[in-house]
Each structure stands twice: as structure tokens, then as C-alpha cells.
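Below is one structure; the comments refer to it alone.
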Amino acid sequence: MKDPVELPWKARVTRPTPFDPPEIFAELRDERPLRPMTFADGHVGWLATGYDVVRAILADNRFSVRRELAHPPVTMPNAAAQGMFYAPAPPGTFVRQDPPDHTRYRTLLAGRFTLRRMRRLEERITEVAGERLHAMEAAGPPADLVQALARPVPSLLICDLLGIPDQDLATFRQAGDIVLDPASSPEQIQQGYADMLGIFPPLIAGKRAHPTGDLYSDLINGGDLTDQELISIGLLLFAAGNETTSTMIAWGAFTLLEHPGQLQALRRDPSLIDNTVEEVLRYLTGPGGMLRTALEDVEIGGELIREGQTVELLVGAANHDPARFQRPGAFDITRSPRGHLTFGHGIHQCLGQQLARVQLRITLPALFDRFPGLRLAVRAAEVPIRNDSNFYGVKRLPVTW
């Protein structure tokens, strides 16, 4: 294989089945887990596919998450979105900021997303999931599990947490769909972002005048954040609390339906739900990765990464590294896949990971308890896969019972 390698979008989405990583991931990882790669703009950076090197780079503060320092690894299907993505992040967008800015925001938010606090939400999650499953049952089969369950549960929950009115949720969903659609024009994407951002100024003003006791009210009235920072944090929390968890709920249901032996094992032993959630998180393999840019020369994994070079970290490849996980291509809920990198690692590890876990561990058993005969309404090969963004998963999941 030539060096430096190129990894175009097409290679990232070519996989034997929806559950298998792209074959080239394993080929690259086995040959050289950290290797030079030519990025879309001609920049020669690095591609990390091995578990050890990906984890080490994520934990190393000599690498920056600032998107204006990064280079695009591929020419994405939506060039307009790509151009916006690599602009400097607005204040408050802490996932794209380094210390000390990142530390300030992270410290402000971290105590509000602990496992202990998230488990206090179990009753509300159970209630919301139950309501959606009841509505799904009343409507009768078939159903699209994405629209019936996977999208509403995290959306309604994040609205509760942030105190966002239901009417704003519809606006946000519609605008978000436009922004994530590869077919959207630059003008449509800009308008979609404007519609999402437009939710927050009146919301902030209202909560400043009349606090409602939710997380967002606390942030608005309990610190020295500017309106721009509050808008960025609100947009980030709202977006992250919707799309990623929705993807995981639908993907987890699809995976269990296509692995009936594992589903039966979970039904026999409900205590396996925590392992099941972690295995679902490990097993999902998106086409893209996280980006880090070296702030100085760094030697890692036997390679020298020069200052200014961007590294793409293929977390999906790392989560399927046989050096870390035995039989990584098998979906096995009896394993303990702790240590997977789906939520990242180090100071930028996903703030909402415990919230996502709690939703998965409640929603998936509730689904299969309510519908013991749940099955796909189409062949697995006919389930439409969202292959054109980093939010890899199902577009729709037709089921019957």
C-alpha cells in the first residue's frame, strides 16, 4: 500500500454488512496503526487506527481540538458543511476549544452530568419511553422505530433538562435535518443554522427574567457567561443530546434484532444490560473520526508527528482492534467491553456519556419487554443506512410485531 495513504469517502463506507467496519480499516490498522495520510486539501498528516495510539493521542494535551488548526481528511459529500465546520468555533463551543477555555466551560458543566445525577432521571426516562411505546402499540404495526421511539425519547429528555419548550423542538429537528442532509445547498445549511440559533436569544431572555429551575436556567443566572457563550453551550447540549443518542437507540435495537441469540441471552439475564449497552457503543463504526492537531513535535507509537500536522483518529477501527478486544467483529454481550473509545478519552471525553448510557439501558429493555415478538418489517439489507455522515446508523427502522 502506497505511503502516505489516501482514504476517500467511498473507502470509508464500503463494508460487507451494515455491522462490519469498512474492510480497509482493518487492513490499514494491521499494516501500520499510525501512518501518514494525505488529507483532502493536500496536507500530509496522519491516520490513527490502532487502539493504543488512538487512546494515547486522545489523552495527550499536546494535541489541539481547535477546528481552525485542522485539515479536512476527505472531501465530504456536503462541501458547504465542511467549509463551515473548519471555521473557528464561537465562544462557548467547548468541544472545539483547548485549555484554559475548555477547562472553564467543562468545570462549569461537569458536575451537572455525573452518573449519580443522570440516574436521578431514570423515572422520567422510563415514563417518556413508556409513553412512546404505548403510542406505538396503539397505532399498530408496522412502525418506524426511529420516529416512534429513538428520536422522541432523547429529544424530550434534553428539552426537560434544558427547559426548552416543545415548539422549539420541532424547529430544531427540522433545521437539524437540513444541516445534516448532504443534498442541502449552502444557502439551506446557513438558514438551518440560523433557525437553530434563533431559538436561544428569546429563551435566554425569558429564563433570565423568570428562571425555571432547569439546567439552562442555572447556567444563565448562576455565572458570568455572555449571551454568545450561552447560545453556543445551549446549541451544543441540545444537538448532542438529540442526534447521537437517537442514533444509538435505533442502532442498538437493529443490532439486537439481527443477533437473536444475544437478545435471548439478555432476556434470560437482564443483568447483562450494562454489558449490552457498552457492546452496542463499541460495535457501532462510523466512517469518520476525531481530529487532533499537534501543537508541538510529538513522538508517539514509534512515529514522529510534527507540529501543525493533523491526525485523524478512526475510533471505529480502534474499537475493533483485536489487540484490545477478542473477536472484535462479533457482537457479544457477555464480554465486558469497557475501555471502548466511542465517547473519546482524556479531557475531551463526552460530557453527556452517562446520560446516553442511562437512556440506552432503560429504553432497549422496555422496547423488547413491550413487544416480545418484535422483528424487522423488511429484510436487514433493505434497512436504509445513513452512510453519508459521521452519524452512522439507520435512517429508518421498519419493525412489526
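Identifiers in the C-alpha cells: chain A, B, ... in order shown; residue index from 1 per chain; ligand index from 1 in order shown.
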Enumerate, in order of chain and increasing residue number, the residues of stretch 171-239 of chain A with an atom no farther than 10 Å from stretch 102-115 of chain A, each with its shortest atom pair and distance in Å to one decimal, counting only C-alpha atoms, as CSV.
```
residue,atom,partner,partner_atom,distance
A:Leu215,CA,A:Arg112,CA,7.7
A:Leu219,CA,A:Leu108,CA,8.3
A:Gly222,CA,A:Leu108,CA,10.0
A:Gly223,CA,A:Leu108,CA,8.8
A:Leu225,CA,A:Tyr105,CA,9.4
A:Glu229,CA,A:Tyr105,CA,9.4
A:Ile233,CA,A:Tyr105,CA,8.8
```
Those residues you just picked out, can you put them in a file as a compact mmCIF listing (two decimals), in the first residue's frame with N, CA, C and O atoms?
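Written output follows (part.txt):
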```txt
# COMPACT_ATOMS: atom_id res chain seq x y z
N LEU A 215 -31.47 23.09 34.04
CA LEU A 215 -30.03 23.24 33.88
C LEU A 215 -29.67 24.53 33.15
O LEU A 215 -28.73 25.24 33.54
N LEU A 219 -27.42 27.91 34.36
CA LEU A 219 -26.27 28.47 33.64
C LEU A 219 -26.48 29.96 33.35
O LEU A 219 -25.55 30.76 33.47
N GLY A 222 -26.55 31.75 36.96
CA GLY A 222 -25.61 31.39 38.01
C GLY A 222 -24.16 31.67 37.72
O GLY A 222 -23.28 31.24 38.46
N GLY A 223 -23.86 32.39 36.65
CA GLY A 223 -22.46 32.62 36.32
C GLY A 223 -22.27 33.90 35.56
O GLY A 223 -23.14 34.77 35.52
N LEU A 225 -21.48 34.00 32.17
CA LEU A 225 -21.44 33.66 30.74
C LEU A 225 -22.13 34.74 29.92
O LEU A 225 -23.19 35.26 30.29
N GLU A 229 -21.86 32.90 24.60
CA GLU A 229 -21.44 31.64 25.22
C GLU A 229 -22.64 30.78 25.56
O GLU A 229 -22.63 29.56 25.34
N ILE A 233 -23.33 27.03 24.10
CA ILE A 233 -23.49 25.89 25.00
C ILE A 233 -24.87 25.26 24.83
O ILE A 233 -25.01 24.04 24.78
```
To test your reading of the structure, identify every residue in stretch 143-322 of chain A that backbone DSSP assigns to strand (DSSP E or B), and report it as a PDB file with C-alpha atoms, in the first residue's frame.
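What ended up in selection_12.pdb:
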```
ATOM      1  CA  ALA A 143     -43.769   1.248  12.692  1.00  0.00           C
ATOM      2  CA  ASP A 144     -40.600   3.151  12.037  1.00  0.00           C
ATOM      3  CA  MET A 290     -11.980  12.623  15.577  1.00  0.00           C
ATOM      4  CA  LEU A 291      -9.374  15.195  14.597  1.00  0.00           C
ATOM      5  CA  ARG A 292      -6.394  16.404  16.597  1.00  0.00           C
ATOM      6  CA  THR A 293      -3.591  18.761  15.518  1.00  0.00           C
ATOM      7  CA  ALA A 294      -0.128  18.657  17.074  1.00  0.00           C
ATOM      8  CA  VAL A 298       5.239  14.617  19.414  1.00  0.00           C
ATOM      9  CA  GLU A 299       6.693  11.116  19.240  1.00  0.00           C
ATOM     10  CA  ILE A 300       4.003   8.513  19.714  1.00  0.00           C
ATOM     11  CA  GLU A 303       6.270   7.789  14.833  1.00  0.00           C
ATOM     12  CA  LEU A 304       7.167  11.487  14.928  1.00  0.00           C
ATOM     13  CA  ILE A 305       4.185  13.784  14.423  1.00  0.00           C
ATOM     14  CA  THR A 310      -3.407  16.902  11.794  1.00  0.00           C
ATOM     15  CA  VAL A 311      -4.203  13.360  12.900  1.00  0.00           C
ATOM     16  CA  GLU A 312      -7.492  11.662  12.107  1.00  0.00           C
ATOM     17  CA  LEU A 313      -8.392   9.140  14.796  1.00  0.00           C
TER      18      LEU A 313
END
```
Neighbouring residues of A:Met248 were defined as those with any atom within 8 Å, considering only C-alpha atoms; residues of the same chain fewer than 4 positions away were excluded. Please report them as a VMD selection string.
chain A and resid 244 252 280 to 281 360 393
So that I can see what lies close to A:Tyr193, please list as a ChimeraX atom specification the residues with an atom at most 12 Å from it, counting only C-alpha atoms and leaving out residues fewer than 3 positions away in the same chain.
/A:81,84-85,171-180,186-190,196-200,232,235,239
Near A:Pro33, within 7 Å and counting only C-alpha atoms, which residues show up once chain neighbours fewer than 6 positions away are dropped, as a list in words?
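Here the qualifying residues turn out to be Ala48, Thr49 and Gly50 of chain A.
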Separation of atom CA of A:Asn242 from atom CA of A:Asp321, in Å and rounded to one decimal
28.6 Å
Proximity to A:Tyr283 - best of A:Val378, A:Val315, A:Val95, A:Ala139, only C-alpha atoms
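Of all the options, A:Val315 lies closest to A:Tyr283.
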Residues near A:Val153, cut-off 12 Å, only C-alpha atoms, skip fewer than 5 positions along chain, as a JSON list (two decimals) with C-alpha atoms, in the first residue's frame:
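Printed below is selection37.json as written:
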```
[["chain", "number", "residue", "atom", "x", "y", "z"],
["A", 124, "ARG", "CA", -38.55, 10.33, 33.77],
["A", 125, "ILE", "CA", -36.80, 8.31, 31.06],
["A", 126, "THR", "CA", -38.97, 5.28, 31.92],
["A", 127, "GLU", "CA", -42.06, 7.49, 31.72],
["A", 128, "VAL", "CA", -41.15, 9.02, 28.35],
["A", 129, "ALA", "CA", -40.16, 5.66, 26.84],
["A", 130, "GLY", "CA", -43.38, 4.09, 28.14],
["A", 131, "GLU", "CA", -45.48, 6.84, 26.59],
["A", 132, "ARG", "CA", -43.81, 6.42, 23.21],
["A", 133, "LEU", "CA", -44.12, 2.63, 23.29],
["A", 145, "LEU", "CA", -38.68, 2.73, 15.28],
["A", 146, "VAL", "CA", -36.60, 5.83, 14.60],
["A", 147, "GLN", "CA", -39.63, 8.14, 14.55],
["A", 148, "ALA", "CA", -41.68, 6.18, 17.08],
["A", 158, "ILE", "CA", -32.97, 17.04, 26.66],
["A", 159, "CYS", "CA", -35.87, 19.51, 26.44],
["A", 160, "ASP", "CA", -36.70, 18.65, 30.06],
["A", 241, "GLY", "CA", -28.48, 15.26, 23.40],
["A", 242, "ASN", "CA", -30.57, 14.53, 20.33],
["A", 243, "GLU", "CA", -28.73, 13.06, 17.38],
["A", 244, "THR", "CA", -26.11, 10.85, 18.98],
["A", 245, "THR", "CA", -28.38, 9.11, 21.49],
["A", 246, "SER", "CA", -31.15, 8.71, 18.91],
["A", 247, "THR", "CA", -28.65, 7.00, 16.63],
["A", 248, "MET", "CA", -27.55, 4.65, 19.41],
["A", 249, "ILE", "CA", -31.08, 3.63, 20.43],
["A", 250, "ALA", "CA", -32.06, 2.74, 16.87],
["A", 355, "LEU", "CA", -26.97, 10.41, 30.09],
["A", 356, "ALA", "CA", -26.70, 8.39, 26.89],
["A", 358, "VAL", "CA", -28.93, 5.62, 31.14],
["A", 359, "GLN", "CA", -31.28, 6.18, 28.20],
["A", 360, "LEU", "CA", -30.00, 3.07, 26.42],
["A", 362, "ILE", "CA", -33.80, 1.82, 30.08],
["A", 363, "THR", "CA", -35.16, 2.18, 26.54],
["A", 364, "LEU", "CA", -33.86, -1.02, 24.95],
["A", 367, "LEU", "CA", -38.86, -1.94, 23.91]]
```
For a test of reading the model, state the distance in Å between atom CA of A:Asp297 and atom CA of A:Thr75, rounded to one decimal.
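It comes out at 26.7 Å.
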